[in-house]
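Coordinates from data-v8.cif are shown below (mmCIF, C-alpha atoms).
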data_work
#
loop_
_atom_site.label_atom_id
_atom_site.label_comp_id
_atom_site.auth_asym_id
_atom_site.auth_seq_id
_atom_site.Cartn_x
_atom_site.Cartn_y
_atom_site.Cartn_z
CA MET A 183 -149.90 11.31 -34.32
CA SER A 184 -152.72 11.41 -36.88
CA ASN A 185 -156.19 9.91 -36.53
CA LYS A 186 -155.18 7.17 -38.98
CA GLU A 187 -152.04 6.26 -37.03
CA LEU A 188 -153.90 6.22 -33.72
CA GLN A 189 -156.68 4.12 -35.23
CA ALA A 190 -154.12 1.50 -36.26
CA LEU A 191 -152.78 1.39 -32.68
CA LYS A 192 -156.31 1.11 -31.29
CA GLU A 193 -157.16 -1.81 -33.54
CA ARG A 194 -153.97 -3.62 -32.55
CA TYR A 195 -153.86 -2.98 -28.82
CA VAL A 196 -157.28 -1.95 -27.41
CA ALA A 197 -159.76 -4.70 -26.50
CA ALA A 198 -162.67 -4.74 -28.91
CA GLY A 199 -165.22 -4.48 -26.10
CA ALA A 200 -163.59 -1.28 -24.83
CA ALA A 201 -162.70 0.31 -28.15
CA SER A 202 -164.68 3.29 -29.42
CA PRO A 203 -166.18 2.93 -32.90
CA ASN A 204 -165.18 6.55 -33.49
CA ASP A 205 -162.08 6.88 -35.66
CA GLN A 206 -161.44 10.46 -34.54
CA PHE A 207 -159.11 11.01 -31.58
CA ALA A 208 -159.52 14.00 -29.29
CA ASP A 209 -156.41 16.18 -29.07
CA HIS A 210 -157.51 19.31 -27.22
CA ALA A 211 -160.75 20.98 -26.18
CA LEU A 212 -162.24 24.13 -24.69
CA ASN A 213 -165.76 24.60 -23.35
CA ALA A 214 -168.05 23.10 -26.04
CA GLU A 215 -165.48 22.52 -28.78
CA VAL A 216 -163.04 19.65 -29.40
CA TRP A 217 -160.26 19.37 -31.97
CA ASP A 218 -159.16 15.94 -33.20
CA ALA A 219 -155.65 14.68 -33.93
CA ASP A 220 -155.90 15.99 -37.50
CA GLY A 221 -157.01 19.43 -36.36
CA LYS A 222 -160.71 19.08 -37.26
CA ARG A 223 -163.00 21.10 -34.99
CA MET A 224 -166.07 19.40 -33.50
CA ILE A 225 -168.94 20.99 -31.58
CA ASP A 226 -169.61 18.86 -28.53
CA PHE A 227 -173.27 18.10 -27.78
CA ALA A 228 -172.30 15.00 -25.77
CA GLY A 229 -170.13 16.45 -23.01
CA GLY A 230 -168.35 13.15 -22.39
CA ILE A 231 -171.83 11.65 -21.74
CA GLY A 232 -172.95 14.33 -19.32
CA VAL A 233 -169.62 14.94 -17.59
CA LEU A 234 -168.91 18.48 -18.75
CA ASN A 235 -171.81 20.65 -17.56
CA ILE A 236 -169.37 23.54 -17.07
CA GLY A 237 -167.44 22.76 -20.26
CA HIS A 238 -164.12 21.25 -21.24
CA ARG A 239 -161.21 22.49 -19.14
CA HIS A 240 -162.98 25.20 -17.18
CA PRO A 241 -160.15 27.55 -16.13
CA LYS A 242 -161.03 27.49 -12.42
CA VAL A 243 -161.07 23.69 -12.33
CA VAL A 244 -157.78 23.44 -14.23
CA GLU A 245 -156.21 25.95 -11.83
CA ALA A 246 -157.48 24.03 -8.78
CA VAL A 247 -156.11 20.71 -10.06
CA LYS A 248 -152.72 22.24 -10.90
CA ALA A 249 -152.50 23.80 -7.44
CA GLN A 250 -153.34 20.45 -5.81
CA LEU A 251 -150.68 18.67 -7.88
CA ASP A 252 -148.08 20.97 -6.35
CA LYS A 253 -149.11 19.84 -2.86
CA LEU A 254 -150.34 16.23 -2.74
CA MET A 255 -151.42 13.59 -5.24
CA HIS A 256 -152.16 10.53 -3.11
CA THR A 257 -152.02 9.00 0.36
CA CYS A 258 -155.23 6.91 0.30
CA GLN A 259 -157.63 8.75 2.54
CA THR A 260 -158.15 5.70 4.78
CA VAL A 261 -154.39 5.70 5.52
CA MET A 262 -153.96 9.45 5.99
CA PRO A 263 -156.92 11.73 5.23
CA TYR A 264 -156.61 15.21 3.77
CA GLU A 265 -158.49 18.49 3.72
CA GLY A 266 -160.13 18.16 0.30
CA TYR A 267 -162.04 15.00 1.20
CA VAL A 268 -163.64 16.39 4.35
CA LYS A 269 -164.33 19.81 2.82
CA LEU A 270 -166.05 18.19 -0.15
CA ALA A 271 -168.04 15.95 2.20
CA GLN A 272 -169.21 19.08 4.02
CA LYS A 273 -170.20 20.77 0.73
CA LEU A 274 -172.17 17.73 -0.41
CA SER A 275 -173.88 17.28 2.96
CA GLU A 276 -175.05 20.89 2.87
CA ALA A 277 -176.18 20.76 -0.78
CA VAL A 278 -177.80 17.35 -1.22
CA PRO A 279 -181.49 17.08 -0.26
CA VAL A 280 -181.43 13.79 1.63
CA LYS A 281 -183.87 13.01 4.42
CA GLY A 282 -181.97 14.37 7.42
CA HIS A 283 -178.35 15.29 8.12
CA GLY A 284 -176.19 13.96 5.32
CA LYS A 285 -172.97 12.01 5.56
CA VAL A 286 -170.75 11.20 2.61
CA MET A 287 -168.60 8.51 1.07
CA LEU A 288 -166.53 9.38 -2.00
CA ALA A 289 -165.76 6.85 -4.73
CA ASN A 290 -164.39 6.81 -8.29
CA SER A 291 -167.31 6.17 -10.66
CA GLY A 292 -171.07 6.12 -10.90
CA ALA A 293 -171.18 2.32 -10.85
CA GLU A 294 -169.00 2.24 -7.74
CA ALA A 295 -171.32 4.74 -6.08
CA LEU A 296 -174.37 2.55 -6.82
CA GLU A 297 -172.60 -0.60 -5.58
CA ASN A 298 -171.78 1.11 -2.30
CA ALA A 299 -175.27 2.59 -1.97
CA VAL A 300 -176.71 -0.94 -2.10
CA LYS A 301 -174.13 -2.21 0.40
CA ILE A 302 -175.07 0.60 2.77
CA ALA A 303 -178.79 0.00 2.30
CA ARG A 304 -178.38 -3.68 3.13
CA ALA A 305 -176.36 -2.87 6.24
CA ALA A 306 -178.88 -0.26 7.39
CA THR A 307 -182.01 -2.36 6.87
CA GLY A 308 -180.81 -5.91 7.41
CA LYS A 309 -182.59 -6.78 4.16
CA ASN A 310 -181.15 -7.86 0.81
CA ASN A 311 -183.45 -7.30 -2.17
CA VAL A 312 -183.29 -4.30 -4.50
CA ILE A 313 -186.05 -3.09 -6.82
CA CYS A 314 -185.05 -1.11 -9.91
CA PHE A 315 -186.93 0.07 -13.01
CA ASP A 316 -187.23 -0.75 -16.68
CA GLY A 317 -184.94 1.48 -18.73
CA GLY A 318 -182.72 2.40 -15.79
CA TYR A 319 -178.96 2.48 -16.16
CA HIS A 320 -176.67 2.19 -13.14
CA GLY A 321 -173.31 0.92 -14.40
CA ARG A 322 -171.16 -1.92 -15.74
CA THR A 323 -169.99 -3.76 -12.62
CA PHE A 324 -171.73 -7.08 -12.06
CA PHE A 325 -174.28 -5.86 -9.55
CA THR A 326 -175.04 -2.66 -11.44
CA MET A 327 -175.39 -4.66 -14.67
CA ALA A 328 -178.04 -6.69 -12.87
CA MET A 329 -179.71 -3.42 -11.83
CA ASN A 330 -179.80 -2.05 -15.37
CA GLY A 331 -183.21 -2.12 -17.04
CA LYS A 332 -181.73 -2.74 -20.48
CA ALA A 333 -179.85 -5.95 -21.26
CA ALA A 334 -177.90 -5.22 -24.46
CA PRO A 335 -175.10 -4.32 -24.73
CA TYR A 336 -174.33 -4.28 -21.01
CA GLN A 337 -175.07 -7.90 -20.02
CA THR A 338 -174.22 -9.48 -23.37
CA SER A 339 -172.05 -12.65 -23.08
CA PHE A 340 -171.14 -12.04 -19.42
CA GLY A 341 -173.05 -14.97 -17.95
CA PRO A 342 -175.51 -15.03 -15.05
CA MET A 343 -176.19 -11.76 -13.27
CA PRO A 344 -176.28 -11.49 -9.45
CA GLY A 345 -179.64 -12.30 -7.89
CA LEU A 346 -181.99 -10.43 -5.56
CA VAL A 347 -182.51 -7.62 -8.07
CA TYR A 348 -186.09 -7.14 -9.26
CA ARG A 349 -187.67 -4.87 -11.80
CA ALA A 350 -190.75 -2.64 -12.00
CA PRO A 351 -192.14 -0.52 -14.88
CA TYR A 352 -191.01 3.08 -15.24
CA PRO A 353 -193.74 5.56 -16.21
CA VAL A 354 -193.39 6.55 -19.88
CA PRO A 355 -196.92 7.40 -21.11
CA TYR A 356 -195.67 7.96 -24.68
CA HIS A 357 -194.79 4.26 -24.81
CA GLY A 358 -197.93 3.09 -23.07
CA ILE A 359 -196.86 2.99 -19.40
CA THR A 360 -198.84 5.47 -17.32
CA GLU A 361 -197.96 6.45 -13.77
CA GLU A 362 -200.83 4.26 -12.58
CA ASP A 363 -199.49 1.34 -14.62
CA ALA A 364 -196.04 1.81 -13.10
CA LEU A 365 -197.37 1.87 -9.54
CA ARG A 366 -199.49 -1.22 -10.19
CA GLY A 367 -196.43 -2.93 -11.63
CA LEU A 368 -194.37 -2.01 -8.57
CA ALA A 369 -197.09 -3.36 -6.30
CA MET A 370 -197.07 -6.62 -8.25
CA THR A 371 -193.26 -6.84 -8.05
CA MET A 372 -193.53 -6.44 -4.28
CA LYS A 373 -196.31 -9.02 -4.17
CA ALA A 374 -194.79 -11.64 -6.48
CA ASP A 375 -191.00 -11.22 -6.23
CA SER A 376 -189.69 -8.89 -3.56
CA PRO A 377 -191.95 -8.41 -0.55
CA ALA A 378 -191.39 -5.36 1.62
CA HIS A 379 -189.87 -7.31 4.50
CA GLU A 380 -187.12 -8.53 2.15
CA THR A 381 -186.56 -5.28 0.19
CA ALA A 382 -183.68 -3.08 1.29
CA ALA A 383 -184.05 -0.35 -1.33
CA ILE A 384 -185.92 0.99 -4.32
CA VAL A 385 -183.45 2.54 -6.77
CA LEU A 386 -184.28 4.86 -9.67
CA GLU A 387 -183.06 7.71 -11.83
CA PRO A 388 -185.34 10.76 -11.47
CA VAL A 389 -184.70 11.28 -15.19
CA LEU A 390 -183.81 8.16 -17.15
CA GLY A 391 -180.40 8.63 -18.76
CA GLU A 392 -179.47 5.85 -21.14
CA GLY A 393 -183.12 4.80 -20.99
CA GLY A 394 -184.33 7.86 -22.92
CA PHE A 395 -184.34 11.10 -20.88
CA TYR A 396 -187.84 10.56 -19.49
CA PRO A 397 -188.46 12.50 -16.24
CA ALA A 398 -190.36 10.69 -13.50
CA PRO A 399 -193.50 12.67 -12.53
CA ALA A 400 -193.25 14.38 -9.15
CA SER A 401 -196.39 12.54 -8.05
CA PHE A 402 -194.74 9.20 -8.88
CA LEU A 403 -191.64 10.09 -6.86
CA LYS A 404 -193.84 11.15 -3.93
CA ALA A 405 -195.70 7.83 -4.15
CA LEU A 406 -192.37 5.97 -4.01
CA ARG A 407 -191.34 8.01 -0.98
CA LYS A 408 -194.55 6.98 0.81
CA ILE A 409 -194.17 3.31 -0.14
CA CYS A 410 -190.63 3.35 1.24
CA ASP A 411 -191.67 5.13 4.44
CA ASP A 412 -194.56 2.75 5.01
CA ASN A 413 -192.45 -0.37 4.51
CA ASP A 414 -189.02 0.43 6.02
CA ILE A 415 -187.42 0.55 2.56
CA LEU A 416 -184.70 3.03 1.60
CA LEU A 417 -185.23 5.25 -1.44
CA ILE A 418 -182.00 5.56 -3.46
CA VAL A 419 -181.95 8.21 -6.18
CA ASP A 420 -179.32 7.90 -8.91
CA GLU A 421 -178.27 11.39 -10.04
CA VAL A 422 -175.10 10.30 -11.83
CA GLN A 423 -176.20 11.85 -15.14
CA SER A 424 -178.86 14.31 -13.98
CA GLY A 425 -176.86 16.03 -11.23
CA PHE A 426 -174.83 19.24 -10.92
CA GLY A 427 -177.01 21.59 -12.91
CA ARG A 428 -178.08 19.39 -15.81
CA THR A 429 -181.81 19.91 -15.19
CA GLY A 430 -181.95 23.56 -14.10
CA LYS A 431 -181.47 22.67 -10.44
CA LEU A 432 -178.43 21.23 -8.72
CA PHE A 433 -180.17 17.85 -8.65
CA ALA A 434 -183.19 16.63 -10.61
CA ILE A 435 -184.93 15.30 -7.49
CA GLU A 436 -185.30 18.90 -6.27
CA HIS A 437 -188.00 19.51 -8.90
CA SER A 438 -190.26 17.11 -6.96
CA GLY A 439 -189.53 18.16 -3.39
CA VAL A 440 -188.89 14.51 -2.49
CA GLU A 441 -186.05 13.75 -0.08
CA PRO A 442 -184.37 10.37 -0.70
CA ASP A 443 -182.50 8.36 1.92
CA ILE A 444 -179.43 7.99 -0.29
CA MET A 445 -178.29 9.79 -3.43
CA THR A 446 -175.52 8.83 -5.82
CA MET A 447 -173.70 11.25 -8.12
CA ALA A 448 -170.67 11.42 -10.42
CA LYS A 449 -170.11 12.67 -14.02
CA SER A 450 -170.27 16.51 -13.89
CA MET A 451 -169.32 16.52 -10.22
CA ALA A 452 -165.68 17.32 -11.05
CA ASP A 453 -165.74 18.49 -14.70
CA GLY A 454 -163.97 15.40 -16.03
CA MET A 455 -161.89 14.28 -13.06
CA PRO A 456 -162.91 10.76 -11.90
CA ILE A 457 -164.95 10.97 -8.71
CA SER A 458 -168.36 9.98 -7.40
CA ALA A 459 -170.24 10.26 -4.13
CA ILE A 460 -172.80 8.50 -2.02
CA VAL A 461 -174.68 10.90 0.25
CA GLY A 462 -177.22 9.62 2.74
CA THR A 463 -178.88 10.25 6.05
CA ASP A 464 -176.29 9.97 8.83
CA LYS A 465 -177.83 6.94 10.57
CA VAL A 466 -178.00 5.08 7.28
CA MET A 467 -174.47 5.99 6.21
CA ASP A 468 -173.01 5.01 9.59
CA SER A 469 -174.70 1.59 9.61
CA SER A 470 -171.79 -0.52 8.34
CA GLY A 471 -168.72 -1.31 10.40
CA PRO A 472 -165.27 0.31 10.51
CA ASN A 473 -163.28 0.12 7.26
CA SER A 474 -166.26 -1.49 5.48
CA LEU A 475 -166.35 1.22 2.80
CA GLY A 476 -163.56 2.67 0.73
CA GLY A 477 -160.97 2.01 -1.95
CA THR A 478 -157.40 2.94 -2.78
CA TYR A 479 -158.23 5.91 -5.00
CA THR A 480 -161.63 6.95 -3.65
CA GLY A 481 -161.91 10.72 -3.30
CA SER A 482 -158.41 11.43 -4.60
CA PRO A 483 -156.94 14.84 -3.69
CA THR A 484 -156.93 16.08 -7.30
CA ALA A 485 -160.53 14.99 -7.94
CA CYS A 486 -161.68 16.59 -4.66
CA ALA A 487 -159.97 19.84 -5.66
CA ALA A 488 -161.78 19.75 -9.01
CA ALA A 489 -165.15 19.05 -7.37
CA LEU A 490 -164.74 21.91 -4.89
CA ALA A 491 -163.91 24.23 -7.81
CA VAL A 492 -167.05 23.05 -9.62
CA PHE A 493 -169.16 24.10 -6.63
CA ASP A 494 -167.55 27.56 -6.78
CA VAL A 495 -168.21 27.87 -10.53
CA ILE A 496 -171.85 26.81 -10.13
CA GLU A 497 -172.40 29.60 -7.62
CA GLU A 498 -170.21 32.34 -9.12
CA GLU A 499 -171.33 31.92 -12.74
CA ASP A 500 -175.06 31.31 -12.19
CA ILE A 501 -174.84 27.86 -13.76
CA LEU A 502 -178.34 26.93 -12.61
CA GLY A 503 -179.82 30.05 -14.22
CA LYS A 504 -177.86 29.36 -17.42
CA SER A 505 -179.11 25.78 -17.31
CA GLN A 506 -182.74 26.88 -17.14
CA ARG A 507 -182.27 29.35 -19.99
CA LEU A 508 -180.50 26.75 -22.14
CA GLY A 509 -183.35 24.32 -21.52
CA ASP A 510 -185.85 26.93 -22.69
CA LYS A 511 -183.86 27.51 -25.89
CA LEU A 512 -183.66 23.82 -26.65
CA ARG A 513 -187.35 23.23 -26.02
CA ALA A 514 -188.33 26.12 -28.29
CA ARG A 515 -186.19 24.70 -31.11
CA PHE A 516 -187.46 21.15 -30.52
CA ASP A 517 -191.08 22.32 -30.65
CA GLN A 518 -190.30 24.03 -33.95
CA TRP A 519 -188.81 20.82 -35.36
CA GLN A 520 -191.74 18.79 -34.08
CA GLU A 521 -194.05 21.00 -36.16
CA GLN A 522 -191.71 21.06 -39.13
CA PHE A 523 -190.66 17.40 -39.46
CA THR A 524 -192.91 14.34 -39.75
CA HIS A 525 -190.46 12.08 -37.95
CA VAL A 526 -189.75 14.30 -34.90
CA ASP A 527 -192.01 13.63 -31.92
CA ASN A 528 -192.23 13.63 -28.14
CA ALA A 529 -189.85 16.54 -27.54
CA ARG A 530 -189.12 16.76 -23.83
CA ASN A 531 -186.74 18.37 -21.41
CA MET A 532 -185.99 19.03 -17.78
CA GLY A 533 -183.73 22.02 -18.14
CA PRO A 534 -181.17 21.20 -20.83
CA MET A 535 -181.45 17.45 -20.16
CA ALA A 536 -183.37 17.37 -23.40
CA ALA A 537 -184.35 14.88 -26.10
CA PHE A 538 -186.81 13.98 -28.83
CA GLU A 539 -187.74 10.81 -30.68
CA LEU A 540 -187.58 9.87 -34.32
CA VAL A 541 -190.62 7.86 -35.38
CA GLU A 542 -192.20 6.59 -38.57
CA SER A 543 -195.13 8.93 -37.98
CA LYS A 544 -196.66 10.82 -35.10
CA GLU A 545 -199.71 8.56 -35.35
CA SER A 546 -197.90 5.20 -35.28
CA ARG A 547 -195.07 6.27 -32.94
CA LYS A 548 -193.07 3.40 -34.43
CA PRO A 549 -189.41 3.93 -33.43
CA MET A 550 -186.84 4.59 -36.17
CA PRO A 551 -183.42 3.76 -34.68
CA GLU A 552 -181.92 3.53 -38.15
CA LEU A 553 -182.82 7.19 -38.77
CA VAL A 554 -181.18 8.21 -35.50
CA ALA A 555 -178.03 6.32 -36.47
CA ALA A 556 -177.98 8.04 -39.86
CA ILE A 557 -178.44 11.47 -38.28
CA THR A 558 -175.66 11.01 -35.71
CA LYS A 559 -173.37 9.82 -38.52
CA LYS A 560 -174.26 12.79 -40.74
CA ALA A 561 -173.82 15.19 -37.80
CA LYS A 562 -170.32 13.84 -37.20
CA GLU A 563 -169.45 14.46 -40.84
CA LYS A 564 -170.63 18.06 -40.41
CA GLY A 565 -168.59 18.59 -37.24
CA LEU A 566 -171.08 17.84 -34.44
CA ILE A 567 -170.84 15.18 -31.71
CA LEU A 568 -174.38 13.93 -31.04
CA LEU A 569 -175.62 10.96 -28.98
CA SER A 570 -178.58 8.63 -29.17
CA CYS A 571 -180.23 6.69 -26.34
CA GLY A 572 -183.49 5.02 -25.32
CA MET A 573 -184.92 1.54 -24.99
CA TYR A 574 -185.67 1.56 -28.72
CA GLY A 575 -182.55 3.44 -29.81
CA ASN A 576 -184.65 6.15 -31.45
CA THR A 577 -183.97 9.10 -29.14
CA LEU A 578 -181.55 11.95 -29.79
CA ARG A 579 -180.27 13.33 -26.48
CA PHE A 580 -178.53 16.63 -25.86
CA LEU A 581 -175.78 17.02 -23.27
CA MET A 582 -173.84 20.07 -24.42
CA PRO A 583 -172.11 22.11 -21.70
CA VAL A 584 -174.41 24.53 -19.91
CA THR A 585 -171.68 27.11 -20.53
CA ILE A 586 -171.84 26.77 -24.32
CA GLU A 587 -171.54 30.08 -26.16
CA ASP A 588 -174.71 31.24 -27.94
CA GLU A 589 -173.08 31.25 -31.36
CA VAL A 590 -171.68 27.73 -30.91
CA LEU A 591 -175.07 26.49 -29.70
CA GLU A 592 -176.79 27.99 -32.71
CA GLU A 593 -174.21 26.50 -35.06
CA GLY A 594 -174.73 23.06 -33.56
CA LEU A 595 -178.52 23.26 -33.63
CA ASN A 596 -178.37 24.37 -37.26
CA ILE A 597 -176.35 21.25 -38.05
CA VAL A 598 -179.03 19.10 -36.38
CA GLU A 599 -181.68 20.82 -38.47
CA GLU A 600 -179.70 20.28 -41.66
CA CYS A 601 -179.38 16.57 -40.80
CA LEU A 602 -183.11 16.28 -40.13
CA LYS A 603 -183.77 17.79 -43.55
CA GLU A 604 -181.20 15.78 -45.46
CA VAL A 605 -181.47 12.38 -43.79
CA GLY A 606 -185.15 12.57 -42.80
CA ALA A 607 -186.13 13.28 -46.37
#

If you took the structure in this file and wrote it as structure tokens, what would it be?
Amino acid sequence: MSNKELQALKERYVAAGAASPNDQFADHALNAEVWDADGKRMIDFAGGIGVLNIGHRHPKVVEAVKAQLDKLMHTCQTVMPYEGYVKLAQKLSEAVPVKGHGKVMLANSGAEALENAVKIARAATGKNNVICFDGGYHGRTFFTMAMNGKAAPYQTSFGPMPGLVYRAPYPVPYHGITEEDALRGLAMTMKADSPAHETAAIVLEPVLGEGGFYPAPASFLKALRKICDDNDILLIVDEVQSGFGRTGKLFAIEHSGVEPDIMTMAKSMADGMPISAIVGTDKVMDSSGPNSLGGTYTGSPTACAAALAVFDVIEEEDILGKSQRLGDKLRARFDQWQEQFTHVDNARNMGPMAAFELVESKESRKPMPELVAAITKKAKEKGLILLSCGMYGNTLRFLMPVTIEDEVLEEGLNIVEECLKEVGA
């Protein structure tokens, strides 16, 4: 079917709240390229919103999923477990830098991982409150919507959010919030709203995702670790978008040396297959009762096979080294644009988790979300999938596969530069 025919079906049958505004429909893809239903080629700088760190349809992942399909598709692991679940749990326990021996629960999505992390934290501490941060994004279930540090469009028209979730500032010096400001704000949150004896967990992304790709300083993360240790609070780190090689290390938290009590992950964990994980210190993870955690499809055999293949690819193909080198290339190009264009400012990256802002001027720093919207639209016309983000909607973020070929990367970056020239002018 053509894009036009599929668009007509979408408008008739897909709920408006779930329907993509994009009128192109993906037909097939390979690594960093996607072809739509009409055969138009697109360079993918979005990666399914950070899901495809090793590219569309990596051959080893496809092979692993096909092999699993020939053996077993489903039993529900709580009814009859299978090898893939326990082998993946072992891999994650050995790889994830939690504070002590790690144990694992597998789930289906990032939001489901965060929901379960909070459940586990409450069971382990006997406390109920959760402190999150401005700009954070944790999902679209009711509790994770309450945890999000950005109301629209996630909470719009859905009524009251669950209680016992409190907010603190996230350090973004470019927008006037220093690390000291953020720590003072957290102290005030704990003084005015959520005292330590009622707080089960502090939850944050080590690099804001939807909130703008701002990395938390290592010193800030270390301060949070101390606050948690001093007050019997669990530190939960959300690596749903920043994990599995996106920042030059397997997980972003490794740049700081901080060991959280619980980590959540999803997205690039299985190269497009739906799976997520909660990994935490064994005592914490074992704190809830029998059959208190789980779900019909959690840790499905096919998704586990894909995730195990991803671990192999990361090791065999030096994905972390490629990630670091890609980050260096992006930063060099961003710095060039920051010098060249009046509206480009605050270029930043942790590995290839990279972004910059479009502002009225470098002096005013006034956000220009309308310019970002125009650039993403123009990029699409030129054959490039590009995403925006940020509290002010003025950030361009880059989530191309780490495995992107040099010539495809250069082609895509040249399109961005053309858009900056044409639309920025």

* Structure fact -> Separating CA of Pro377 in chain A from CA of Glu421 in chain A, to the nearest tenth of an Å, is a gap of 25.9 Å

* Asked: For Leu508 in chain A, which residue among A:Arg579, A:Lys465, A:Arg428, A:Lys544 is the nearest when counting only C-alpha atoms?
  ->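 Result for the nearest residue to Leu508 in chain A: A:Arg428.
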
* To do: Apply the PyMOL selection byres ((chain A and resi 348) around 8) to the file shown and report the selected residues as a ChimeraX atom specification.
  => /A:311-314,329,346-347,349-350,371,375-376

Do you know which residues are at most 12 Å from range 187-199 of chain A counting only C-alpha atoms, after dropping those on the same chain fewer than 6 positions away, and could you put them as a compact mmCIF listing (two decimals) with C-alpha atoms, in the frame of the given file?
# COMPACT_ATOMS: atom_id res chain seq x y z
CA ASP A 205 -162.08 6.88 -35.66
CA GLN A 206 -161.44 10.46 -34.54
CA PHE A 207 -159.11 11.01 -31.58
CA ALA A 208 -159.52 14.00 -29.29
CA ASP A 209 -156.41 16.18 -29.07
CA ASP A 218 -159.16 15.94 -33.20
CA ALA A 219 -155.65 14.68 -33.93
CA ASP A 220 -155.90 15.99 -37.50
CA PRO A 335 -175.10 -4.32 -24.73
CA TYR A 336 -174.33 -4.28 -21.01
CA THR A 338 -174.22 -9.48 -23.37
CA SER A 339 -172.05 -12.65 -23.08
CA PHE A 340 -171.14 -12.04 -19.42

Just so the selection is clear, what residues does the PyMOL selection byres ((chain A and resi 493-501) around 9) cover here, as a compact mmCIF listing (two decimals) with C-alpha atoms, in the frame of the given file?
# COMPACT_ATOMS: atom_id res chain seq x y z
CA ASN A 235 -171.81 20.65 -17.56
CA ILE A 236 -169.37 23.54 -17.07
CA HIS A 240 -162.98 25.20 -17.18
CA LYS A 242 -161.03 27.49 -12.42
CA VAL A 243 -161.07 23.69 -12.33
CA LYS A 273 -170.20 20.77 0.73
CA PHE A 426 -174.83 19.24 -10.92
CA GLY A 427 -177.01 21.59 -12.91
CA GLY A 430 -181.95 23.56 -14.10
CA LEU A 432 -178.43 21.23 -8.72
CA MET A 451 -169.32 16.52 -10.22
CA ALA A 452 -165.68 17.32 -11.05
CA ALA A 488 -161.78 19.75 -9.01
CA ALA A 489 -165.15 19.05 -7.37
CA LEU A 490 -164.74 21.91 -4.89
CA ALA A 491 -163.91 24.23 -7.81
CA VAL A 492 -167.05 23.05 -9.62
CA LEU A 502 -178.34 26.93 -12.61
CA GLY A 503 -179.82 30.05 -14.22
CA LYS A 504 -177.86 29.36 -17.42
CA SER A 505 -179.11 25.78 -17.31
CA GLN A 506 -182.74 26.88 -17.14
CA VAL A 584 -174.41 24.53 -19.91
CA THR A 585 -171.68 27.11 -20.53

* Å distance separating CA of Ile418 in chain A from CA of Glu362 in chain A, one decimal place ->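 CA of Glu362 in chain A lies 21.0 Å from CA of Ile418 in chain A.
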
* Asked: For the file shown, what are the residues hit by the PyMOL selection byres ((chain A and resi 447) around 8), laid out as a list of chain:residue names?
  ->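 Checking the PyMOL selection byres ((chain A and resi 447) around 8) against this file, the residues are A:Gly292, A:Ala295, A:Asp420, A:Glu421, A:Val422, A:Gln423, A:Gly425, A:Met445, A:Thr446, A:Ala448, A:Lys449, A:Met451, A:Ser458, A:Ala459, A:Ile460.
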
Find the residues of range 296-330 of chain A that sit at most 9 Å from range 277-291 of chain A; for each, write down the nearest two atoms and how far apart they are in Å, to one decimal. Count only C-alpha atoms. Sort by chain, then by number going up, and give it as a tab-separated table.
residue	atom	partner	partner_atom	distance
A:Leu296	CA	A:Ser291	CA	8.8
A:Asn298	CA	A:Ala289	CA	8.7
A:Gly321	CA	A:Ser291	CA	8.8

* Looking at all atoms listed in the file, which of A:Pro397, A:Gly454, A:Pro388, A:Pro483 is the one that sits closest to Lys253 in chain A? ->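 The closest residue to Lys253 in chain A is A:Pro483.
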
* What gap, in Å, lies between CA of Lys248 in chain A and CA of Asp453 in chain A? ->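 CA of Asp453 in chain A lies at a distance of 14.1 Å from CA of Lys248 in chain A.
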
* To do: Using all atoms listed in the file, pick whichever of A:Pro583, A:Gly391, A:Gly606, A:Gly229 has the shortest atom-to-atom distance to Asn330 in chain A.
  =>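 That would be A:Gly391, the residue with the smallest distance to Asn330 in chain A.
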
* Counting all atoms listed in the file, which residues come within 7 Å of (-173.5, 11.0, -35.1), with the point read in the file's coordinates, and could you list them as a ChimeraX atom specification? -> /A:555,557-562,567-569

Save out the residues we just selected, C-alpha atoms, as a PDB file, in the coordinates of the input.
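Output saved as again_13.pdb:
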ATOM      1  CA  ALA A 555    -178.030   6.320 -36.470  1.00  0.00           C
ATOM      2  CA  ILE A 557    -178.440  11.470 -38.280  1.00  0.00           C
ATOM      3  CA  THR A 558    -175.660  11.010 -35.710  1.00  0.00           C
ATOM      4  CA  LYS A 559    -173.370   9.820 -38.520  1.00  0.00           C
ATOM      5  CA  LYS A 560    -174.260  12.790 -40.740  1.00  0.00           C
ATOM      6  CA  ALA A 561    -173.820  15.190 -37.800  1.00  0.00           C
ATOM      7  CA  LYS A 562    -170.320  13.840 -37.200  1.00  0.00           C
ATOM      8  CA  ILE A 567    -170.840  15.180 -31.710  1.00  0.00           C
ATOM      9  CA  LEU A 568    -174.380  13.930 -31.040  1.00  0.00           C
ATOM     10  CA  LEU A 569    -175.620  10.960 -28.980  1.00  0.00           C
TER      11      LEU A 569
END

* Asked: Taking all atoms listed in the file into account, which of A:Ala487, A:Leu553, A:Met455, A:Ala328 comes nearest Val247 in chain A?
  ->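 Selected residue with least distance to Val247 in chain A: A:Ala487.
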
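You can rank A:Glu245, A:Glu521, A:Glu593, A:Asp414 by their closest distance to Leu566 in chain A using only C-alpha atoms, and at the top of that list sits A:Glu593.
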
* With all atoms listed in the file as the basis for distance, which of A:Thr480, A:Thr307, A:Ser570, A:Ser202 is at the shortest distance from Val466 in chain A? -> A:Thr307

* Quick one: residues within 12 Å of Ile409 in chain A, all atoms listed in the file counted, chain neighbours fewer than 2 positions away excluded, as a ChimeraX atom specification? -> /A:365,368-369,372,377-378,381,383-384,402-407,411-417
